Amino acid sequence: MSEEPLPGSPGPVRVRVPAKINLHLAVGLPRDDGYHDLTTVYQAISLYDEVVVEPAAGLELVVNGEGAEDVPLDDSNLAARAVYALAERTGRSPNVRIVMRKGIPVAGGMAGGSADAAATLVACDALWACGLSRDELAETAAELGSDVPFALYGGTALGTGRGERLSPVLARTQRHWVIAIANGGLSTPDVFKELDRLRSTDRPPPRTAGADALLRALREEAATPLAKVIANDLQPAAISLRPSLRRTLAAGVESGALGGAVSGSGPTCVFLAEDGDHAVRVAAGLSGLGVCRTVRTAYGPVPGARVV
Ligand code: ATP
């Protein structure tokens, strides 16, 4: 793709957008609309997708990077839905070429599709000179999916409703994470269905309490208190569908991590380390145990979708 703008036409806009992890994910009962009420604490971490948008004759999608072959190239791609939604809202033409470079694992429980949608909103807003504020973009983001508004803001935030109602959380200390990326993904709706099934049995998994302990631990400098309170109600359901995750979680702790959990609906697992050097050692140990496809280190919180 040409990086040089044609004379008289706006040039390509490049946006970098982070993955999210859920430090706390409490799942309530299914609602009438089929969604579950959630209380979650998101953190944006330094694992990124990149989205480049430029004018074109029609809407074109290109996806590169890891897992690109599993990403739809039709109107079901969340980035395409973002273009249509913003074009309709602002009266612009949706004729753009979007090139996505995936660094966030596809169907990995890290909201990669939502990240691309958020990045596309930011990129089209700049390309079309709409001048919408982040709060205005967040209104369109919430219509696209529960995790899309968070990918716009980044940082650390408490999410309620379907996860789309956000309030920022004070979390000044940088945390260091080790990310175990699995082979293949898990479908988020399947994981929620599995949780409902497990909860209807006579041995339902325990429910996570409120997020207060997690919010307190985030205000502490030390990482160990935080490791003790990371919780995810979807974890038993993800393990039930993918029993090998039990071994991955154990391997993270064997490798010296302070604690870990399945990220969102999985199958990615995230582990907390003391600092950057410790994260590299845990990552090396985890790689050697051969329990996942790839191991990465990352830090958070980082800002949300930004033009670069
Ligand atoms: P969720 O956000 O539902 O928790 P996830 O983080 O587990 O999902 P995603 O990478 O967002 O996983 O992808 C979930 C599914 O969404 C994919 O299997 C794919 O079919 C579809 N999808 C649509 N648009 C995209 C996109 N831009 N990138 C990745 N997947 C996409």
# chains A, B, ... in the order shown; residues from 1 in each chain; ligands from 1
$ residues_around --residues "range 235-250 of chain A" --least-positions-apart "6" --cutoff "10 Å" --atoms "only C-alpha atoms" --output "PyMOL selection string"
chain A and resi 25+180-182+185-188+190-199+204-206+257+259-271+286+289-292
$ residues_near_ligand --ligand "ligand 1" --cutoff "9 Å" --atoms "only C-alpha atoms and all ligand atoms" --output "PyMOL selection string"
chain A and resi 19-20+63+67-68+70-81+100+102+104-117+145-148+185-189+263-268
$ residues_around --residues "range 162-176 of chain A" --least-positions-apart "5" --cutoff "8 Å" --atoms "only C-alpha atoms" --output "VMD selection string"
chain A and resid 35 to 40 142 145 to 150 155 to 157 215 218 to 221 223 272 to 276 279 297 to 301
$ write_last_selection --atoms "C-alpha atoms" --output "PDB file, in the first residue's frame"
ATOM      1  CA  TYR A  35     -26.374 -10.579  27.222  1.00  0.00           C
ATOM      2  CA  HIS A  36     -25.091 -11.128  30.744  1.00  0.00           C
ATOM      3  CA  ASP A  37     -24.661  -8.317  33.242  1.00  0.00           C
ATOM      4  CA  LEU A  38     -20.972  -7.946  33.963  1.00  0.00           C
ATOM      5  CA  THR A  39     -18.760  -6.220  36.450  1.00  0.00           C
ATOM      6  CA  THR A  40     -15.269  -6.127  35.089  1.00  0.00           C
ATOM      7  CA  ALA A 142     -20.996   1.052  22.387  1.00  0.00           C
ATOM      8  CA  GLY A 145     -19.845  -4.154  20.936  1.00  0.00           C
ATOM      9  CA  SER A 146     -19.342  -4.290  24.693  1.00  0.00           C
ATOM     10  CA  ASP A 147     -15.534  -4.063  24.604  1.00  0.00           C
ATOM     11  CA  VAL A 148     -15.243  -1.371  21.892  1.00  0.00           C
ATOM     12  CA  PRO A 149     -15.554   1.717  24.159  1.00  0.00           C
ATOM     13  CA  PHE A 150     -12.760   0.458  26.423  1.00  0.00           C
ATOM     14  CA  GLY A 155      -5.883   2.623  30.730  1.00  0.00           C
ATOM     15  CA  THR A 156      -7.574   0.741  33.554  1.00  0.00           C
ATOM     16  CA  ALA A 157     -11.349   0.985  33.909  1.00  0.00           C
ATOM     17  CA  LEU A 215      -9.503  -1.995  43.107  1.00  0.00           C
ATOM     18  CA  LEU A 218      -4.396  -1.821  42.123  1.00  0.00           C
ATOM     19  CA  ARG A 219      -3.611   1.177  44.337  1.00  0.00           C
ATOM     20  CA  GLU A 220      -0.704  -0.688  45.992  1.00  0.00           C
ATOM     21  CA  GLU A 221       2.809  -0.503  44.627  1.00  0.00           C
ATOM     22  CA  ALA A 223       2.314  -6.771  42.662  1.00  0.00           C
ATOM     23  CA  LEU A 272       1.476 -11.248  36.624  1.00  0.00           C
ATOM     24  CA  ALA A 273       5.199 -10.722  37.211  1.00  0.00           C
ATOM     25  CA  GLU A 274       7.070  -8.520  39.724  1.00  0.00           C
ATOM     26  CA  ASP A 275       8.714  -6.345  37.074  1.00  0.00           C
ATOM     27  CA  GLY A 276       9.939  -6.394  33.468  1.00  0.00           C
ATOM     28  CA  ALA A 279       8.359 -11.179  33.241  1.00  0.00           C
ATOM     29  CA  THR A 297       5.521 -10.082  27.650  1.00  0.00           C
ATOM     30  CA  ALA A 298       3.552  -6.866  27.929  1.00  0.00           C
ATOM     31  CA  TYR A 299       2.948  -4.019  30.381  1.00  0.00           C
ATOM     32  CA  GLY A 300      -0.078  -2.021  31.316  1.00  0.00           C
ATOM     33  CA  PRO A 301      -1.906   0.225  31.614  1.00  0.00           C
TER      34      PRO A 301
END
$ select_by_dssp --residues "range 101-305 of chain A" --states "strand (DSSP E)" --output "ChimeraX atom specification"
/A:101-102,156-160,165-168,175-181,231-232,259-262,269-273,294-300
$ atom_distance --atom1 "CA of Arg101 in chain A" --atom2 "CA of Val17 in chain A"
10.6 Å
$ closest_residue --among "A:Glu60, A:Leu152, A:Gly91, A:Thr160" --to "Cys130 in chain A" --atoms "only C-alpha atoms"
A:Gly91
$ atom_distance --atom1 "CA of Pro94 in chain A" --atom2 "CA of Leu59 in chain A"
6.3 Å
$ residues_around --residues "Ala231 in chain A" --least-positions-apart "2" --cutoff "8 Å" --atoms "only C-alpha atoms" --output "mmCIF file with C-alpha atoms, in the first residue's frame"
data_model
loop_
_atom_site.group_PDB
_atom_site.id
_atom_site.type_symbol
_atom_site.label_atom_id
_atom_site.label_comp_id
_atom_site.auth_asym_id
_atom_site.auth_seq_id
_atom_site.Cartn_x
_atom_site.Cartn_y
_atom_site.Cartn_z
ATOM 1 C CA LEU A 23 -8.295 -8.354 36.008
ATOM 2 C CA HIS A 24 -11.747 -8.982 37.442
ATOM 3 C CA LEU A 25 -14.713 -10.435 35.559
ATOM 4 C CA ALA A 26 -17.900 -11.177 37.495
ATOM 5 C CA THR A 208 -16.549 -14.000 42.154
ATOM 6 C CA VAL A 229 -7.306 -11.116 43.760
ATOM 7 C CA ASP A 233 -16.007 -16.152 36.354
ATOM 8 C CA ALA A 261 -5.924 -16.354 35.001
#
$ residues_around --residues "Gly103 in chain A" --least-positions-apart "4" --cutoff "8 Å" --atoms "only C-alpha atoms" --output "ChimeraX atom specification"
/A:47-50,65-66
$ write_last_selection --atoms "all heavy atoms" --output "PDB file, in the first residue's frame"
ATOM      1  N   LEU A  47       0.142  -4.903  23.837  1.00  0.00           N
ATOM      2  CA  LEU A  47       0.090  -5.881  22.745  1.00  0.00           C
ATOM      3  C   LEU A  47      -0.892  -5.236  21.767  1.00  0.00           C
ATOM      4  O   LEU A  47      -2.027  -4.939  22.157  1.00  0.00           O
ATOM      5  CB  LEU A  47      -0.477  -7.185  23.304  1.00  0.00           C
ATOM      6  CG  LEU A  47      -0.384  -8.452  22.506  1.00  0.00           C
ATOM      7  CD1 LEU A  47       1.076  -8.887  22.424  1.00  0.00           C
ATOM      8  CD2 LEU A  47      -1.179  -9.559  23.215  1.00  0.00           C
ATOM      9  N   TYR A  48      -0.440  -4.971  20.527  1.00  0.00           N
ATOM     10  CA  TYR A  48      -1.206  -4.043  19.693  1.00  0.00           C
ATOM     11  C   TYR A  48      -1.625  -4.632  18.349  1.00  0.00           C
ATOM     12  O   TYR A  48      -0.912  -5.444  17.764  1.00  0.00           O
ATOM     13  CB  TYR A  48      -0.365  -2.805  19.385  1.00  0.00           C
ATOM     14  CG  TYR A  48       0.043  -2.005  20.589  1.00  0.00           C
ATOM     15  CD1 TYR A  48       1.318  -2.153  21.143  1.00  0.00           C
ATOM     16  CD2 TYR A  48      -0.829  -1.090  21.165  1.00  0.00           C
ATOM     17  CE1 TYR A  48       1.701  -1.391  22.247  1.00  0.00           C
ATOM     18  CE2 TYR A  48      -0.452  -0.331  22.262  1.00  0.00           C
ATOM     19  CZ  TYR A  48       0.814  -0.485  22.797  1.00  0.00           C
ATOM     20  OH  TYR A  48       1.197   0.256  23.886  1.00  0.00           O
ATOM     21  N   ASP A  49      -2.771  -4.154  17.848  1.00  0.00           N
ATOM     22  CA  ASP A  49      -3.103  -4.232  16.434  1.00  0.00           C
ATOM     23  C   ASP A  49      -2.819  -2.852  15.838  1.00  0.00           C
ATOM     24  O   ASP A  49      -2.859  -1.842  16.548  1.00  0.00           O
ATOM     25  CB  ASP A  49      -4.607  -4.524  16.221  1.00  0.00           C
ATOM     26  CG  ASP A  49      -4.940  -6.008  16.275  1.00  0.00           C
ATOM     27  OD1 ASP A  49      -4.036  -6.813  16.585  1.00  0.00           O
ATOM     28  OD2 ASP A  49      -6.117  -6.358  16.020  1.00  0.00           O
ATOM     29  N   GLU A  50      -2.552  -2.836  14.532  1.00  0.00           N
ATOM     30  CA  GLU A  50      -2.385  -1.561  13.848  1.00  0.00           C
ATOM     31  C   GLU A  50      -3.386  -1.502  12.700  1.00  0.00           C
ATOM     32  O   GLU A  50      -3.564  -2.500  11.992  1.00  0.00           O
ATOM     33  CB  GLU A  50      -0.961  -1.481  13.310  1.00  0.00           C
ATOM     34  CG  GLU A  50      -0.565  -0.095  12.918  1.00  0.00           C
ATOM     35  CD  GLU A  50       0.864  -0.083  12.430  1.00  0.00           C
ATOM     36  OE1 GLU A  50       1.058  -0.383  11.238  1.00  0.00           O
ATOM     37  OE2 GLU A  50       1.757   0.204  13.230  1.00  0.00           O
ATOM     38  N   GLY A  65      -0.870 -10.542   9.477  1.00  0.00           N
ATOM     39  CA  GLY A  65      -0.393 -10.877  10.824  1.00  0.00           C
ATOM     40  C   GLY A  65      -0.919 -12.213  11.296  1.00  0.00           C
ATOM     41  O   GLY A  65      -1.608 -12.928  10.563  1.00  0.00           O
ATOM     42  N   GLU A  66      -0.601 -12.511  12.567  1.00  0.00           N
ATOM     43  CA  GLU A  66      -0.933 -13.829  13.132  1.00  0.00           C
ATOM     44  C   GLU A  66      -2.436 -14.063  13.180  1.00  0.00           C
ATOM     45  O   GLU A  66      -3.172 -13.220  13.678  1.00  0.00           O
ATOM     46  CB  GLU A  66      -0.393 -13.915  14.562  1.00  0.00           C
ATOM     47  CG  GLU A  66       1.045 -14.346  14.619  1.00  0.00           C
ATOM     48  CD  GLU A  66       1.526 -14.443  16.049  1.00  0.00           C
ATOM     49  OE1 GLU A  66       0.816 -15.040  16.879  1.00  0.00           O
ATOM     50  OE2 GLU A  66       2.610 -13.906  16.315  1.00  0.00           O
TER      51      GLU A  66
END
$ select_by_dssp --residues "range 24-237 of chain A" --states "alpha helix (DSSP H)" --output "number ranges by chain"
A: 78-90, 112-127, 134-144, 148-153, 188-199, 212-219, 224-229, 235-237
$ atom_distance --atom1 "CA of Ile98 in chain A" --atom2 "CA of Ala56 in chain A"
9.2 Å
$ residues_around --residues "Val51 in chain A" --least-positions-apart "6" --cutoff "6 Å" --atoms "only C-alpha atoms" --output "PyMOL selection string"
chain A and resi 14-15+99-100
$ residues_around --residues "Leu137 in chain A" --least-positions-apart "2" --cutoff "10 Å" --atoms "only C-alpha atoms" --output "PyMOL selection string"
chain A and resi 86+118+121-122+125+131-135+139-142+149+152
$ write_last_selection --atoms "N, CA and C atoms" --output "PDB file, in the first residue's frame"
ATOM      1  N   LEU A  86     -19.911   4.980  11.545  1.00  0.00           N
ATOM      2  CA  LEU A  86     -19.439   6.372  11.614  1.00  0.00           C
ATOM      3  C   LEU A  86     -19.834   7.145  10.354  1.00  0.00           C
ATOM      4  N   ALA A 118     -12.494   0.025  17.315  1.00  0.00           N
ATOM      5  CA  ALA A 118     -12.161   1.301  17.972  1.00  0.00           C
ATOM      6  C   ALA A 118     -11.121   2.055  17.156  1.00  0.00           C
ATOM      7  N   LEU A 121     -12.688   3.640  14.127  1.00  0.00           N
ATOM      8  CA  LEU A 121     -13.442   4.870  14.449  1.00  0.00           C
ATOM      9  C   LEU A 121     -12.489   6.054  14.564  1.00  0.00           C
ATOM     10  N   VAL A 122     -11.376   5.859  15.273  1.00  0.00           N
ATOM     11  CA  VAL A 122     -10.408   6.951  15.462  1.00  0.00           C
ATOM     12  C   VAL A 122      -9.794   7.343  14.113  1.00  0.00           C
ATOM     13  N   ASP A 125     -12.415   9.105  11.859  1.00  0.00           N
ATOM     14  CA  ASP A 125     -12.679  10.440  12.404  1.00  0.00           C
ATOM     15  C   ASP A 125     -11.587  11.410  11.948  1.00  0.00           C
ATOM     16  N   GLY A 131     -13.783  15.545  13.695  1.00  0.00           N
ATOM     17  CA  GLY A 131     -13.551  16.289  14.933  1.00  0.00           C
ATOM     18  C   GLY A 131     -14.399  15.822  16.103  1.00  0.00           C
ATOM     19  N   LEU A 132     -14.794  14.538  16.105  1.00  0.00           N
ATOM     20  CA  LEU A 132     -15.597  14.033  17.223  1.00  0.00           C
ATOM     21  C   LEU A 132     -14.689  13.808  18.436  1.00  0.00           C
ATOM     22  N   SER A 133     -15.225  14.048  19.610  1.00  0.00           N
ATOM     23  CA  SER A 133     -14.464  13.799  20.839  1.00  0.00           C
ATOM     24  C   SER A 133     -14.461  12.292  21.110  1.00  0.00           C
ATOM     25  N   ARG A 134     -13.602  11.896  22.040  1.00  0.00           N
ATOM     26  CA  ARG A 134     -13.544  10.474  22.377  1.00  0.00           C
ATOM     27  C   ARG A 134     -14.890  10.017  22.963  1.00  0.00           C
ATOM     28  N   ASP A 135     -15.512  10.888  23.776  1.00  0.00           N
ATOM     29  CA  ASP A 135     -16.812  10.523  24.352  1.00  0.00           C
ATOM     30  C   ASP A 135     -17.863  10.364  23.252  1.00  0.00           C
ATOM     31  N   GLU A 139     -19.967   6.691  21.956  1.00  0.00           N
ATOM     32  CA  GLU A 139     -21.397   6.388  21.758  1.00  0.00           C
ATOM     33  C   GLU A 139     -21.550   5.413  20.595  1.00  0.00           C
ATOM     34  N   THR A 140     -20.850   5.672  19.492  1.00  0.00           N
ATOM     35  CA  THR A 140     -20.910   4.758  18.341  1.00  0.00           C
ATOM     36  C   THR A 140     -20.237   3.438  18.701  1.00  0.00           C
ATOM     37  N   ALA A 141     -19.147   3.511  19.453  1.00  0.00           N
ATOM     38  CA  ALA A 141     -18.424   2.298  19.857  1.00  0.00           C
ATOM     39  C   ALA A 141     -19.328   1.345  20.630  1.00  0.00           C
ATOM     40  N   ALA A 142     -20.141   1.901  21.545  1.00  0.00           N
ATOM     41  CA  ALA A 142     -20.996   1.052  22.387  1.00  0.00           C
ATOM     42  C   ALA A 142     -22.027   0.299  21.557  1.00  0.00           C
ATOM     43  N   PRO A 149     -15.869   0.447  23.494  1.00  0.00           N
ATOM     44  CA  PRO A 149     -15.554   1.717  24.159  1.00  0.00           C
ATOM     45  C   PRO A 149     -14.239   1.649  24.949  1.00  0.00           C
ATOM     46  N   LEU A 152     -11.156   2.339  23.026  1.00  0.00           N
ATOM     47  CA  LEU A 152     -10.958   3.761  22.690  1.00  0.00           C
ATOM     48  C   LEU A 152     -10.191   4.485  23.790  1.00  0.00           C
TER      49      LEU A 152
END
$ decode --residues "range 112-157 of chain A" --atoms "N, CA and C atoms" --output "PDB file, in the first residue's frame"
ATOM      1  N   GLY A 112      -9.622  -8.410  20.303  1.00  0.00           N
ATOM      2  CA  GLY A 112      -8.932  -7.918  19.115  1.00  0.00           C
ATOM      3  C   GLY A 112      -9.879  -7.317  18.091  1.00  0.00           C
ATOM      4  N   GLY A 113     -11.011  -7.927  17.864  1.00  0.00           N
ATOM      5  CA  GLY A 113     -11.978  -7.390  16.901  1.00  0.00           C
ATOM      6  C   GLY A 113     -12.510  -6.046  17.383  1.00  0.00           C
ATOM      7  N   SER A 114     -12.787  -5.962  18.677  1.00  0.00           N
ATOM      8  CA  SER A 114     -13.259  -4.696  19.259  1.00  0.00           C
ATOM      9  C   SER A 114     -12.184  -3.627  19.135  1.00  0.00           C
ATOM     10  N   ALA A 115     -10.933  -4.027  19.323  1.00  0.00           N
ATOM     11  CA  ALA A 115      -9.816  -3.082  19.198  1.00  0.00           C
ATOM     12  C   ALA A 115      -9.768  -2.523  17.776  1.00  0.00           C
ATOM     13  N   ASP A 116      -9.932  -3.385  16.783  1.00  0.00           N
ATOM     14  CA  ASP A 116      -9.892  -2.923  15.387  1.00  0.00           C
ATOM     15  C   ASP A 116     -11.050  -1.967  15.096  1.00  0.00           C
ATOM     16  N   ALA A 117     -12.209  -2.248  15.700  1.00  0.00           N
ATOM     17  CA  ALA A 117     -13.358  -1.350  15.508  1.00  0.00           C
ATOM     18  C   ALA A 117     -13.054   0.018  16.109  1.00  0.00           C
ATOM     19  N   ALA A 118     -12.494   0.025  17.315  1.00  0.00           N
ATOM     20  CA  ALA A 118     -12.161   1.301  17.972  1.00  0.00           C
ATOM     21  C   ALA A 118     -11.121   2.055  17.156  1.00  0.00           C
ATOM     22  N   ALA A 119     -10.095   1.334  16.670  1.00  0.00           N
ATOM     23  CA  ALA A 119      -9.040   1.970  15.884  1.00  0.00           C
ATOM     24  C   ALA A 119      -9.620   2.556  14.602  1.00  0.00           C
ATOM     25  N   THR A 120     -10.552   1.849  13.995  1.00  0.00           N
ATOM     26  CA  THR A 120     -11.164   2.319  12.744  1.00  0.00           C
ATOM     27  C   THR A 120     -11.990   3.586  12.986  1.00  0.00           C
ATOM     28  N   LEU A 121     -12.688   3.640  14.127  1.00  0.00           N
ATOM     29  CA  LEU A 121     -13.442   4.870  14.449  1.00  0.00           C
ATOM     30  C   LEU A 121     -12.489   6.054  14.564  1.00  0.00           C
ATOM     31  N   VAL A 122     -11.376   5.859  15.273  1.00  0.00           N
ATOM     32  CA  VAL A 122     -10.408   6.951  15.462  1.00  0.00           C
ATOM     33  C   VAL A 122      -9.794   7.343  14.113  1.00  0.00           C
ATOM     34  N   ALA A 123      -9.458   6.336  13.293  1.00  0.00           N
ATOM     35  CA  ALA A 123      -8.813   6.612  11.999  1.00  0.00           C
ATOM     36  C   ALA A 123      -9.770   7.335  11.052  1.00  0.00           C
ATOM     37  N   CYS A 124     -11.014   6.882  10.975  1.00  0.00           N
ATOM     38  CA  CYS A 124     -11.972   7.530  10.057  1.00  0.00           C
ATOM     39  C   CYS A 124     -12.322   8.925  10.550  1.00  0.00           C
ATOM     40  N   ASP A 125     -12.415   9.105  11.859  1.00  0.00           N
ATOM     41  CA  ASP A 125     -12.679  10.440  12.404  1.00  0.00           C
ATOM     42  C   ASP A 125     -11.587  11.410  11.948  1.00  0.00           C
ATOM     43  N   ALA A 126     -10.321  10.929  11.957  1.00  0.00           N
ATOM     44  CA  ALA A 126      -9.207  11.795  11.530  1.00  0.00           C
ATOM     45  C   ALA A 126      -9.225  11.976  10.011  1.00  0.00           C
ATOM     46  N   LEU A 127      -9.416  10.867   9.274  1.00  0.00           N
ATOM     47  CA  LEU A 127      -9.390  10.924   7.803  1.00  0.00           C
ATOM     48  C   LEU A 127     -10.475  11.857   7.262  1.00  0.00           C
ATOM     49  N   TRP A 128     -11.651  11.772   7.875  1.00  0.00           N
ATOM     50  CA  TRP A 128     -12.794  12.561   7.399  1.00  0.00           C
ATOM     51  C   TRP A 128     -12.885  13.924   8.100  1.00  0.00           C
ATOM     52  N   ALA A 129     -11.915  14.216   8.977  1.00  0.00           N
ATOM     53  CA  ALA A 129     -11.901  15.488   9.732  1.00  0.00           C
ATOM     54  C   ALA A 129     -13.241  15.755  10.411  1.00  0.00           C
ATOM     55  N   CYS A 130     -13.779  14.735  11.077  1.00  0.00           N
ATOM     56  CA  CYS A 130     -15.083  14.881  11.750  1.00  0.00           C
ATOM     57  C   CYS A 130     -14.931  15.680  13.046  1.00  0.00           C
ATOM     58  N   GLY A 131     -13.783  15.545  13.695  1.00  0.00           N
ATOM     59  CA  GLY A 131     -13.551  16.289  14.933  1.00  0.00           C
ATOM     60  C   GLY A 131     -14.399  15.822  16.103  1.00  0.00           C
ATOM     61  N   LEU A 132     -14.794  14.538  16.105  1.00  0.00           N
ATOM     62  CA  LEU A 132     -15.597  14.033  17.223  1.00  0.00           C
ATOM     63  C   LEU A 132     -14.689  13.808  18.436  1.00  0.00           C
ATOM     64  N   SER A 133     -15.225  14.048  19.610  1.00  0.00           N
ATOM     65  CA  SER A 133     -14.464  13.799  20.839  1.00  0.00           C
ATOM     66  C   SER A 133     -14.461  12.292  21.110  1.00  0.00           C
ATOM     67  N   ARG A 134     -13.602  11.896  22.040  1.00  0.00           N
ATOM     68  CA  ARG A 134     -13.544  10.474  22.377  1.00  0.00           C
ATOM     69  C   ARG A 134     -14.890  10.017  22.963  1.00  0.00           C
ATOM     70  N   ASP A 135     -15.512  10.888  23.776  1.00  0.00           N
ATOM     71  CA  ASP A 135     -16.812  10.523  24.352  1.00  0.00           C
ATOM     72  C   ASP A 135     -17.863  10.364  23.252  1.00  0.00           C
ATOM     73  N   GLU A 136     -17.787  11.202  22.223  1.00  0.00           N
ATOM     74  CA  GLU A 136     -18.745  11.073  21.112  1.00  0.00           C
ATOM     75  C   GLU A 136     -18.477   9.779  20.329  1.00  0.00           C
ATOM     76  N   LEU A 137     -17.192   9.480  20.099  1.00  0.00           N
ATOM     77  CA  LEU A 137     -16.870   8.214  19.414  1.00  0.00           C
ATOM     78  C   LEU A 137     -17.327   7.015  20.238  1.00  0.00           C
ATOM     79  N   ALA A 138     -17.269   7.167  21.574  1.00  0.00           N
ATOM     80  CA  ALA A 138     -17.651   6.050  22.458  1.00  0.00           C
ATOM     81  C   ALA A 138     -19.128   5.699  22.319  1.00  0.00           C
ATOM     82  N   GLU A 139     -19.967   6.691  21.956  1.00  0.00           N
ATOM     83  CA  GLU A 139     -21.397   6.388  21.758  1.00  0.00           C
ATOM     84  C   GLU A 139     -21.550   5.413  20.595  1.00  0.00           C
ATOM     85  N   THR A 140     -20.850   5.672  19.492  1.00  0.00           N
ATOM     86  CA  THR A 140     -20.910   4.758  18.341  1.00  0.00           C
ATOM     87  C   THR A 140     -20.237   3.438  18.701  1.00  0.00           C
ATOM     88  N   ALA A 141     -19.147   3.511  19.453  1.00  0.00           N
ATOM     89  CA  ALA A 141     -18.424   2.298  19.857  1.00  0.00           C
ATOM     90  C   ALA A 141     -19.328   1.345  20.630  1.00  0.00           C
ATOM     91  N   ALA A 142     -20.141   1.901  21.545  1.00  0.00           N
ATOM     92  CA  ALA A 142     -20.996   1.052  22.387  1.00  0.00           C
ATOM     93  C   ALA A 142     -22.027   0.299  21.557  1.00  0.00           C
ATOM     94  N   GLU A 143     -22.425   0.888  20.410  1.00  0.00           N
ATOM     95  CA  GLU A 143     -23.385   0.193  19.535  1.00  0.00           C
ATOM     96  C   GLU A 143     -22.721  -0.983  18.821  1.00  0.00           C
ATOM     97  N   LEU A 144     -21.403  -0.936  18.693  1.00  0.00           N
ATOM     98  CA  LEU A 144     -20.690  -1.985  17.933  1.00  0.00           C
ATOM     99  C   LEU A 144     -20.366  -3.206  18.781  1.00  0.00           C
ATOM    100  N   GLY A 145     -20.170  -3.012  20.081  1.00  0.00           N
ATOM    101  CA  GLY A 145     -19.845  -4.154  20.936  1.00  0.00           C
ATOM    102  C   GLY A 145     -19.431  -3.707  22.319  1.00  0.00           C
ATOM    103  N   SER A 146     -19.563  -4.620  23.285  1.00  0.00           N
ATOM    104  CA  SER A 146     -19.342  -4.290  24.693  1.00  0.00           C
ATOM    105  C   SER A 146     -17.923  -3.806  24.976  1.00  0.00           C
ATOM    106  N   ASP A 147     -16.927  -4.375  24.285  1.00  0.00           N
ATOM    107  CA  ASP A 147     -15.534  -4.063  24.604  1.00  0.00           C
ATOM    108  C   ASP A 147     -14.980  -2.911  23.762  1.00  0.00           C
ATOM    109  N   VAL A 148     -15.775  -2.392  22.822  1.00  0.00           N
ATOM    110  CA  VAL A 148     -15.243  -1.371  21.892  1.00  0.00           C
ATOM    111  C   VAL A 148     -14.957  -0.040  22.608  1.00  0.00           C
ATOM    112  N   PRO A 149     -15.869   0.447  23.494  1.00  0.00           N
ATOM    113  CA  PRO A 149     -15.554   1.717  24.159  1.00  0.00           C
ATOM    114  C   PRO A 149     -14.239   1.649  24.949  1.00  0.00           C
ATOM    115  N   PHE A 150     -14.003   0.528  25.641  1.00  0.00           N
ATOM    116  CA  PHE A 150     -12.760   0.458  26.423  1.00  0.00           C
ATOM    117  C   PHE A 150     -11.529   0.574  25.525  1.00  0.00           C
ATOM    118  N   ALA A 151     -11.574  -0.030  24.343  1.00  0.00           N
ATOM    119  CA  ALA A 151     -10.404   0.043  23.446  1.00  0.00           C
ATOM    120  C   ALA A 151     -10.136   1.480  22.988  1.00  0.00           C
ATOM    121  N   LEU A 152     -11.156   2.339  23.026  1.00  0.00           N
ATOM    122  CA  LEU A 152     -10.958   3.761  22.690  1.00  0.00           C
ATOM    123  C   LEU A 152     -10.191   4.485  23.790  1.00  0.00           C
ATOM    124  N   TYR A 153     -10.558   4.182  25.054  1.00  0.00           N
ATOM    125  CA  TYR A 153      -9.982   4.931  26.182  1.00  0.00           C
ATOM    126  C   TYR A 153      -8.689   4.296  26.683  1.00  0.00           C
ATOM    127  N   GLY A 154      -8.650   2.966  26.741  1.00  0.00           N
ATOM    128  CA  GLY A 154      -7.486   2.274  27.300  1.00  0.00           C
ATOM    129  C   GLY A 154      -7.348   2.538  28.790  1.00  0.00           C
ATOM    130  N   GLY A 155      -6.117   2.425  29.304  1.00  0.00           N
ATOM    131  CA  GLY A 155      -5.883   2.623  30.730  1.00  0.00           C
ATOM    132  C   GLY A 155      -6.392   1.449  31.541  1.00  0.00           C
ATOM    133  N   THR A 156      -6.934   1.761  32.710  1.00  0.00           N
ATOM    134  CA  THR A 156      -7.574   0.741  33.554  1.00  0.00           C
ATOM    135  C   THR A 156      -8.963   1.286  33.861  1.00  0.00           C
ATOM    136  N   ALA A 157      -9.987   0.470  33.728  1.00  0.00           N
ATOM    137  CA  ALA A 157     -11.349   0.985  33.909  1.00  0.00           C
ATOM    138  C   ALA A 157     -12.262  -0.101  34.454  1.00  0.00           C
TER     139      ALA A 157
END
